[in-house]
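Novice: Input structure: final31.cif, which contains mmCIF, C-alpha atoms.
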data_run
#
loop_
_atom_site.label_atom_id
_atom_site.label_comp_id
_atom_site.auth_asym_id
_atom_site.auth_seq_id
_atom_site.Cartn_x
_atom_site.Cartn_y
_atom_site.Cartn_z
CA MET J 1 47.15 4.47 10.11
CA ALA J 2 49.38 4.30 13.17
CA GLU J 3 48.43 7.84 14.19
CA LYS J 4 44.74 7.08 13.87
CA LEU J 5 45.10 3.93 15.91
CA SER J 6 47.14 5.81 18.51
CA VAL J 7 44.50 8.54 18.81
CA TYR J 8 41.79 5.91 19.04
CA ARG J 9 43.60 4.20 21.89
CA THR J 10 44.65 7.30 23.80
CA SER J 11 41.09 8.67 23.66
CA ARG J 12 39.89 5.46 25.35
CA MET J 13 37.13 5.12 22.79
CA LYS J 14 37.53 1.36 22.61
CA GLY J 15 37.07 0.87 26.35
CA ALA J 16 34.21 3.36 26.55
CA LEU J 17 32.38 1.66 23.67
CA ARG J 18 32.94 -1.78 25.16
CA TYR J 19 31.61 -0.67 28.55
CA SER J 20 28.49 0.98 27.12
CA LEU J 21 27.75 -1.80 24.64
CA LEU J 22 28.04 -4.52 27.27
CA ARG J 23 25.79 -2.62 29.65
CA LEU J 24 23.14 -1.75 27.10
CA GLY J 25 23.38 -5.07 25.30
CA LYS J 26 22.48 -7.03 28.41
CA LEU J 27 19.30 -5.02 28.95
CA SER J 28 18.34 -5.12 25.27
CA LEU J 29 18.85 -8.89 25.07
CA GLY J 30 16.97 -9.30 28.34
CA LEU J 31 13.95 -7.44 26.97
CA LEU J 32 14.09 -9.47 23.76
CA ALA J 33 14.16 -12.61 25.89
CA LEU J 34 11.03 -11.43 27.70
CA ILE J 35 9.28 -10.87 24.36
CA LEU J 36 10.30 -14.36 23.28
CA LEU J 37 9.08 -15.80 26.58
CA SER J 38 5.70 -14.09 26.21
CA ASP J 39 5.37 -15.51 22.68
CA ILE J 40 6.22 -18.99 23.94
CA ILE J 41 3.67 -18.73 26.75
CA ALA J 42 1.00 -17.63 24.26
CA LEU J 43 1.84 -20.60 22.02
CA ILE J 44 1.66 -22.99 24.96
CA MET J 45 -1.71 -21.55 26.02
CA GLY J 46 -2.97 -22.10 22.48
CA LEU J 47 -1.66 -25.66 22.32
CA THR J 48 -3.26 -26.56 25.63
CA GLY J 49 -6.57 -24.96 24.62
CA PHE J 50 -6.74 -22.45 27.48
CA SER J 51 -6.88 -19.49 25.10
CA THR J 52 -6.58 -18.56 21.46
CA CYS J 53 -3.28 -17.46 19.93
CA GLU J 54 -3.56 -14.88 17.15
CA GLY J 55 -1.02 -13.37 14.81
CA THR J 56 -1.48 -9.79 13.69
CA GLY J 57 1.17 -9.51 10.98
CA VAL J 58 4.91 -8.98 10.79
CA SER J 59 6.08 -5.72 12.36
CA ALA J 60 8.73 -4.19 14.59
CA ASN J 61 7.75 -3.24 18.13
CA TRP J 62 8.07 0.56 18.06
CA ALA J 63 6.43 1.15 21.45
CA LEU J 64 8.91 -1.06 23.31
CA THR J 65 11.73 0.50 21.32
CA LEU J 66 10.80 3.98 22.55
CA PHE J 67 10.48 2.75 26.13
CA LEU J 68 13.86 1.01 26.06
CA MET J 69 15.42 4.01 24.37
CA LEU J 70 14.33 6.31 27.19
CA VAL J 71 15.53 3.92 29.91
CA LEU J 72 18.93 3.35 28.31
CA SER J 73 19.42 7.05 27.58
CA CYS J 74 18.80 7.93 31.22
CA MET J 75 21.21 5.21 32.35
CA LEU J 76 23.98 6.40 30.04
CA ALA J 77 23.51 10.10 30.71
CA LYS J 78 23.67 9.64 34.47
CA SER J 79 25.64 6.76 35.96
CA GLY J 80 27.28 5.73 32.67
CA ALA J 81 28.83 9.15 32.07
CA THR J 82 29.98 9.50 35.67
CA PHE J 83 31.59 6.05 35.66
CA LEU J 84 33.57 6.72 32.49
CA CYS J 85 34.72 10.16 33.63
CA ARG J 86 36.00 8.58 36.86
CA PHE J 87 38.86 6.93 34.97
CA GLY J 88 40.00 10.03 33.17
CA THR J 89 38.06 9.52 29.94
CA SER J 90 37.50 12.75 28.05
CA ARG J 91 34.01 14.20 27.91
CA PHE J 92 33.95 14.02 24.10
CA THR J 93 34.86 10.32 24.16
CA VAL J 94 32.13 9.67 26.73
CA TRP J 95 29.55 11.51 24.64
CA LEU J 96 30.52 9.92 21.31
CA SER J 97 30.79 6.39 22.71
CA GLN J 98 27.37 6.67 24.33
CA ILE J 99 25.72 7.95 21.13
CA VAL J 100 27.30 5.19 19.03
CA SER J 101 26.58 2.38 21.51
CA LEU J 102 23.01 3.56 22.01
CA ALA J 103 22.47 3.68 18.23
CA LEU J 104 23.89 0.18 17.73
CA CYS J 105 21.82 -1.31 20.54
CA MET J 106 18.56 0.28 19.43
CA VAL J 107 19.05 -0.73 15.79
CA GLY J 108 19.79 -4.26 16.99
CA PHE J 109 16.72 -4.24 19.22
CA VAL J 110 14.41 -3.07 16.41
CA LEU J 111 15.81 -5.78 14.16
CA GLY J 112 15.38 -8.34 16.96
CA THR J 113 11.70 -7.46 17.48
CA LEU J 114 11.15 -7.77 13.73
CA LEU J 115 12.74 -11.23 13.60
CA LEU J 116 10.75 -12.41 16.63
CA SER J 117 7.53 -11.12 15.07
CA LEU J 118 8.36 -12.87 11.80
CA ALA J 119 9.08 -16.20 13.49
CA ASN J 120 6.05 -15.99 15.80
CA ASN J 121 3.56 -15.14 13.04
CA TYR J 122 4.72 -17.87 10.68
CA LEU J 123 4.74 -20.41 13.50
CA ILE J 124 1.16 -19.44 14.33
CA LEU J 125 0.32 -19.77 10.64
CA ALA J 126 1.74 -23.29 10.56
CA LEU J 127 -0.12 -24.31 13.72
CA SER J 128 -3.39 -22.77 12.49
CA ARG J 129 -3.61 -25.45 9.82
CA HIS J 130 -3.92 -28.14 12.50
CA ASN J 131 -5.32 -26.36 15.56
CA GLU J 132 -8.39 -24.12 15.71
CA HIS J 133 -6.97 -22.13 18.62
CA PHE J 134 -4.41 -20.51 16.29
CA SER J 135 -5.31 -17.93 13.66
CA ILE J 136 -3.98 -14.96 11.71
CA LEU J 137 -6.01 -11.76 11.96
CA CYS J 138 -6.19 -10.20 8.51
CA GLY J 139 -7.81 -6.97 9.69
CA TYR J 140 -10.83 -5.67 7.79
CA ASP J 141 -9.71 -6.94 4.39
CA PHE J 142 -11.26 -10.37 4.16
CA ALA J 143 -9.96 -10.82 0.62
CA PHE J 144 -6.56 -11.78 2.03
CA LEU J 145 -5.62 -15.33 2.84
CA PRO J 146 -3.46 -15.64 5.97
CA GLU J 147 -0.41 -16.54 3.88
CA THR J 148 -0.95 -13.58 1.58
CA TYR J 149 -1.56 -11.22 4.49
CA LEU J 150 1.67 -12.21 6.27
CA ALA J 151 3.66 -11.94 3.06
CA GLN J 152 2.25 -8.49 2.36
CA SER J 153 2.83 -7.28 5.93
CA PHE J 154 6.42 -8.53 5.73
CA ARG J 155 7.03 -6.75 2.39
CA GLN J 156 5.49 -3.54 3.71
CA THR J 157 7.55 -3.70 6.91
CA MET J 158 10.78 -4.30 5.00
CA GLY J 159 9.92 -1.45 2.65
CA ASP J 160 9.40 0.90 5.59
CA PHE J 161 12.34 -0.48 7.58
CA PRO J 162 14.99 2.03 6.38
CA ARG J 163 12.66 4.88 7.30
CA LEU J 164 11.99 3.22 10.65
CA LEU J 165 15.71 2.97 11.38
CA LEU J 166 16.19 6.63 10.49
CA ASP J 167 13.29 7.58 12.78
CA CYS J 168 14.88 5.46 15.50
CA LEU J 169 18.21 7.29 15.19
CA GLU J 170 16.57 10.73 15.10
CA VAL J 171 14.36 10.07 18.12
CA LEU J 172 17.38 8.55 19.86
CA CYS J 173 19.25 11.86 19.59
CA LEU J 174 16.28 13.70 21.09
CA MET J 175 15.87 11.11 23.87
CA TYR J 176 19.56 11.34 24.76
CA LEU J 177 19.37 15.13 24.97
CA PHE J 178 16.28 14.82 27.18
CA ALA J 179 18.14 12.37 29.46
CA CYS J 180 21.17 14.69 29.65
CA CYS J 181 18.96 17.63 30.55
CA LEU J 182 17.24 15.52 33.21
CA ARG J 183 20.61 14.71 34.74
CA ARG J 184 21.64 18.35 34.72
CA ASN J 185 18.40 19.84 36.07
CA LYS J 186 15.45 17.52 36.51
CA TRP J 187 12.80 20.03 37.56
CA VAL J 188 13.59 22.66 34.94
CA THR J 189 13.54 19.99 32.21
CA LEU J 190 10.21 18.58 33.35
CA ALA J 191 8.76 22.08 33.65
CA VAL J 192 9.78 22.93 30.08
CA VAL J 193 8.48 19.61 28.68
CA ILE J 194 5.14 19.82 30.52
CA LEU J 195 4.48 23.54 30.72
CA GLY J 196 5.72 24.29 27.18
CA PRO J 197 2.91 22.42 25.36
CA LEU J 198 0.41 23.62 27.95
CA LEU J 199 1.40 27.24 27.36
CA LEU J 200 1.20 26.69 23.61
CA TRP J 201 -2.31 25.30 24.02
CA VAL J 202 -3.40 28.25 26.15
CA LEU J 203 -2.04 30.81 23.68
CA THR J 204 -3.39 29.17 20.52
CA LEU J 205 -6.27 26.77 21.08
CA ALA J 206 -7.95 28.26 24.16
CA PRO J 207 -8.98 31.50 22.37
CA VAL J 208 -10.41 29.41 19.51
CA PHE J 209 -12.56 27.42 21.95
CA ARG J 210 -13.79 30.61 23.60
CA GLN J 211 -14.65 32.06 20.21
CA ALA J 212 -16.53 28.87 19.29
CA ILE J 213 -18.57 29.01 22.53
CA ASP J 214 -19.45 32.67 21.97
CA LEU J 215 -20.38 31.97 18.36
CA VAL J 216 -22.69 29.11 19.32
CA GLN J 217 -24.39 31.23 21.97
CA TYR J 218 -24.77 34.53 20.11
CA GLY J 219 -24.05 33.90 16.41
CA SER J 220 -26.44 33.17 13.58
CA GLU J 221 -26.51 29.92 11.62
CA GLY J 222 -24.77 31.57 8.68
CA GLU J 223 -21.94 32.83 10.86
CA ILE J 224 -21.55 29.43 12.48
CA PHE J 225 -21.42 27.75 9.05
CA ILE J 226 -18.82 30.18 7.68
CA GLN J 227 -16.68 29.91 10.80
CA SER J 228 -16.87 26.11 10.68
CA LEU J 229 -15.60 26.12 7.11
CA GLN J 230 -12.72 28.37 8.15
CA TRP J 231 -11.79 26.01 10.99
CA VAL J 232 -11.95 22.97 8.70
CA ASN J 233 -9.70 24.77 6.22
CA TRP J 234 -7.25 25.66 8.99
CA ILE J 235 -7.15 22.05 10.24
CA GLN J 236 -6.53 20.75 6.71
CA LYS J 237 -3.68 23.21 6.19
CA ALA J 238 -2.13 22.32 9.57
CA TRP J 239 -2.38 18.60 8.81
CA ALA J 240 -0.88 19.10 5.34
CA PHE J 241 2.01 21.07 6.84
CA PHE J 242 2.52 18.33 9.42
CA ASN J 243 2.64 15.62 6.76
CA ASP J 244 4.90 17.57 4.41
CA HIS J 245 7.44 18.96 6.87
CA TRP J 246 7.42 16.72 9.94
CA ARG J 247 10.30 14.57 8.69
CA LEU J 248 12.39 17.67 8.05
CA VAL J 249 11.55 19.17 11.44
CA GLN J 250 12.40 15.92 13.23
CA GLY J 251 15.69 15.58 11.36
CA LEU J 252 16.74 19.16 12.09
CA ALA J 253 15.78 18.77 15.75
CA ALA J 254 17.91 15.61 15.94
CA LEU J 255 20.91 17.39 14.41
CA VAL J 256 20.56 20.32 16.80
CA SER J 257 20.22 17.99 19.78
CA LEU J 258 23.66 16.42 19.19
CA PRO J 259 25.81 19.47 20.08
CA LEU J 260 23.39 20.39 22.87
CA SER J 261 23.74 16.94 24.44
CA TYR J 262 27.52 17.26 24.20
CA LEU J 263 27.38 20.56 26.08
CA CYS J 264 25.46 18.77 28.83
CA VAL J 265 27.92 15.87 28.95
CA ARG J 266 30.85 18.30 29.03
CA SER J 267 29.63 19.58 32.38
CA THR J 268 29.59 16.09 33.92
CA PRO J 269 31.55 16.29 37.20
CA ARG J 270 34.51 13.98 37.57
CA PRO J 271 34.29 11.96 40.82
#
Could I get this structure in the form of structure tokens?

Specialist:
Amino acid sequence: MAEKLSVYRTSRMKGALRYSLLRLGKLSLGLLALILLSDIIALIMGLTGFSTCEGTGVSANWALTLFLMLVLSCMLAKSGATFLCRFGTSRFTVWLSQIVSLALCMVGFVLGTLLLSLANNYLILALSRHNEHFSILCGYDFAFLPETYLAQSFRQTMGDFPRLLLDCLEVLCLMYLFACCLRRNKWVTLAVVILGPLLLWVLTLAPVFRQAIDLVQYGSEGEIFIQSLQWVNWIQKAWAFFNDHWRLVQGLAALVSLPLSYLCVRSTPRP
């Protein structure tokens, strides 16, 4: 136990984690505070009658999570890594502390958005019983009462929450690699990210569109019908492959991105 504690201290993992967690935690809590402030403003607007306040069900805010993940990853990969290397911290400690602190902050942020959504929706539900400016949108299923709809949305969200956390961690690894590559070579990274899908589209979909135009202009109705069935079959197979294997592809990509991001961090210059 003493050797493990000694290695933990000499690697400066404790200090690196504390630095990254404090830095990321402030921004994460600040964004959660802004979400809370926006909810409070909406409630006040509903109470004063200036506008309606509607609840849409309990859910975690995935869009804001992705945005914050990208911002924090870029911060850590650039100035955060340089700052830690300045005091003699090893590259491996910098990389590992940033991955762990980023994972902890993003899991905490997802959980925070879920709790804020839960509190906001049930507060709107309580106010809707006494004020017509508050309501719960039950979507297209009018068979649900607001109480039943919120309870079902909460159960569904909690059932999907482990999968959401795993998605968050996997995308986090990819985001961190993207941020490390941006720090290392911004223009090459952007060229690969932008031109890669464009080149894939040109090589695969563009010939199909040209064939479709030629078929419409010069083909018979029977040929058009047969070709349409072939395209529909191809789309169904592609969509089935996407549904069946996307989780596996995302997980493998996340695992591969971890050593690649370490290779990028290892080249961080020491000031």

Novice: I need the output of the PyMOL selection byres ((chain J and resi 116-124) around 9) for this file as a compact mmCIF listing (two decimals) with C-alpha atoms, in the coordinates of the input; which residues are they?

Specialist:
# COMPACT_ATOMS: atom_id res chain seq x y z
CA LEU J 32 14.09 -9.47 23.76
CA ILE J 35 9.28 -10.87 24.36
CA LEU J 36 10.30 -14.36 23.28
CA ASP J 39 5.37 -15.51 22.68
CA ILE J 40 6.22 -18.99 23.94
CA LEU J 43 1.84 -20.60 22.02
CA CYS J 53 -3.28 -17.46 19.93
CA GLU J 54 -3.56 -14.88 17.15
CA GLY J 55 -1.02 -13.37 14.81
CA THR J 56 -1.48 -9.79 13.69
CA GLY J 57 1.17 -9.51 10.98
CA VAL J 58 4.91 -8.98 10.79
CA SER J 59 6.08 -5.72 12.36
CA ALA J 60 8.73 -4.19 14.59
CA ASN J 61 7.75 -3.24 18.13
CA LEU J 111 15.81 -5.78 14.16
CA GLY J 112 15.38 -8.34 16.96
CA THR J 113 11.70 -7.46 17.48
CA LEU J 114 11.15 -7.77 13.73
CA LEU J 115 12.74 -11.23 13.60
CA LEU J 125 0.32 -19.77 10.64
CA ALA J 126 1.74 -23.29 10.56
CA LEU J 127 -0.12 -24.31 13.72
CA SER J 128 -3.39 -22.77 12.49
CA ARG J 129 -3.61 -25.45 9.82
CA PHE J 134 -4.41 -20.51 16.29
CA SER J 135 -5.31 -17.93 13.66
CA ILE J 136 -3.98 -14.96 11.71
CA GLU J 147 -0.41 -16.54 3.88
CA LEU J 150 1.67 -12.21 6.27
CA PHE J 154 6.42 -8.53 5.73

Novice: Work out how far apart CA of Leu169 in chain J and CA of Val193 in chain J are and give it in Å to one decimal.

Specialist: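 If I compute the distance from CA of Leu169 in chain J to CA of Val193 in chain J, I get 20.7 Å.
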
Novice: How many Å separate CA of Trp62 in chain J from CA of Tyr149 in chain J?

Specialist: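 For CA of Trp62 in chain J relative to CA of Tyr149 in chain J, the distance reads 20.4 Å.
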
Novice: Could you pull the residues within 6 Å of range 173-181 of chain J, counting all atoms listed in the file, minus those fewer than 2 positions along the same chain, as a count of residues only?

Specialist: 12

Novice: Quick one: of J:Met45, J:Leu190, J:Ala16, J:Leu24, who's nearest to Thr82 in chain J, counting only C-alpha atoms?

Specialist: J:Ala16

Novice: Which of these residues is nearest to Ala253 in chain J, using all atoms listed in the file: J:Asp167, J:Lys26, J:Ser79, J:Thr48?

Specialist: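 Smallest separation from Ala253 in chain J among the options: J:Asp167.
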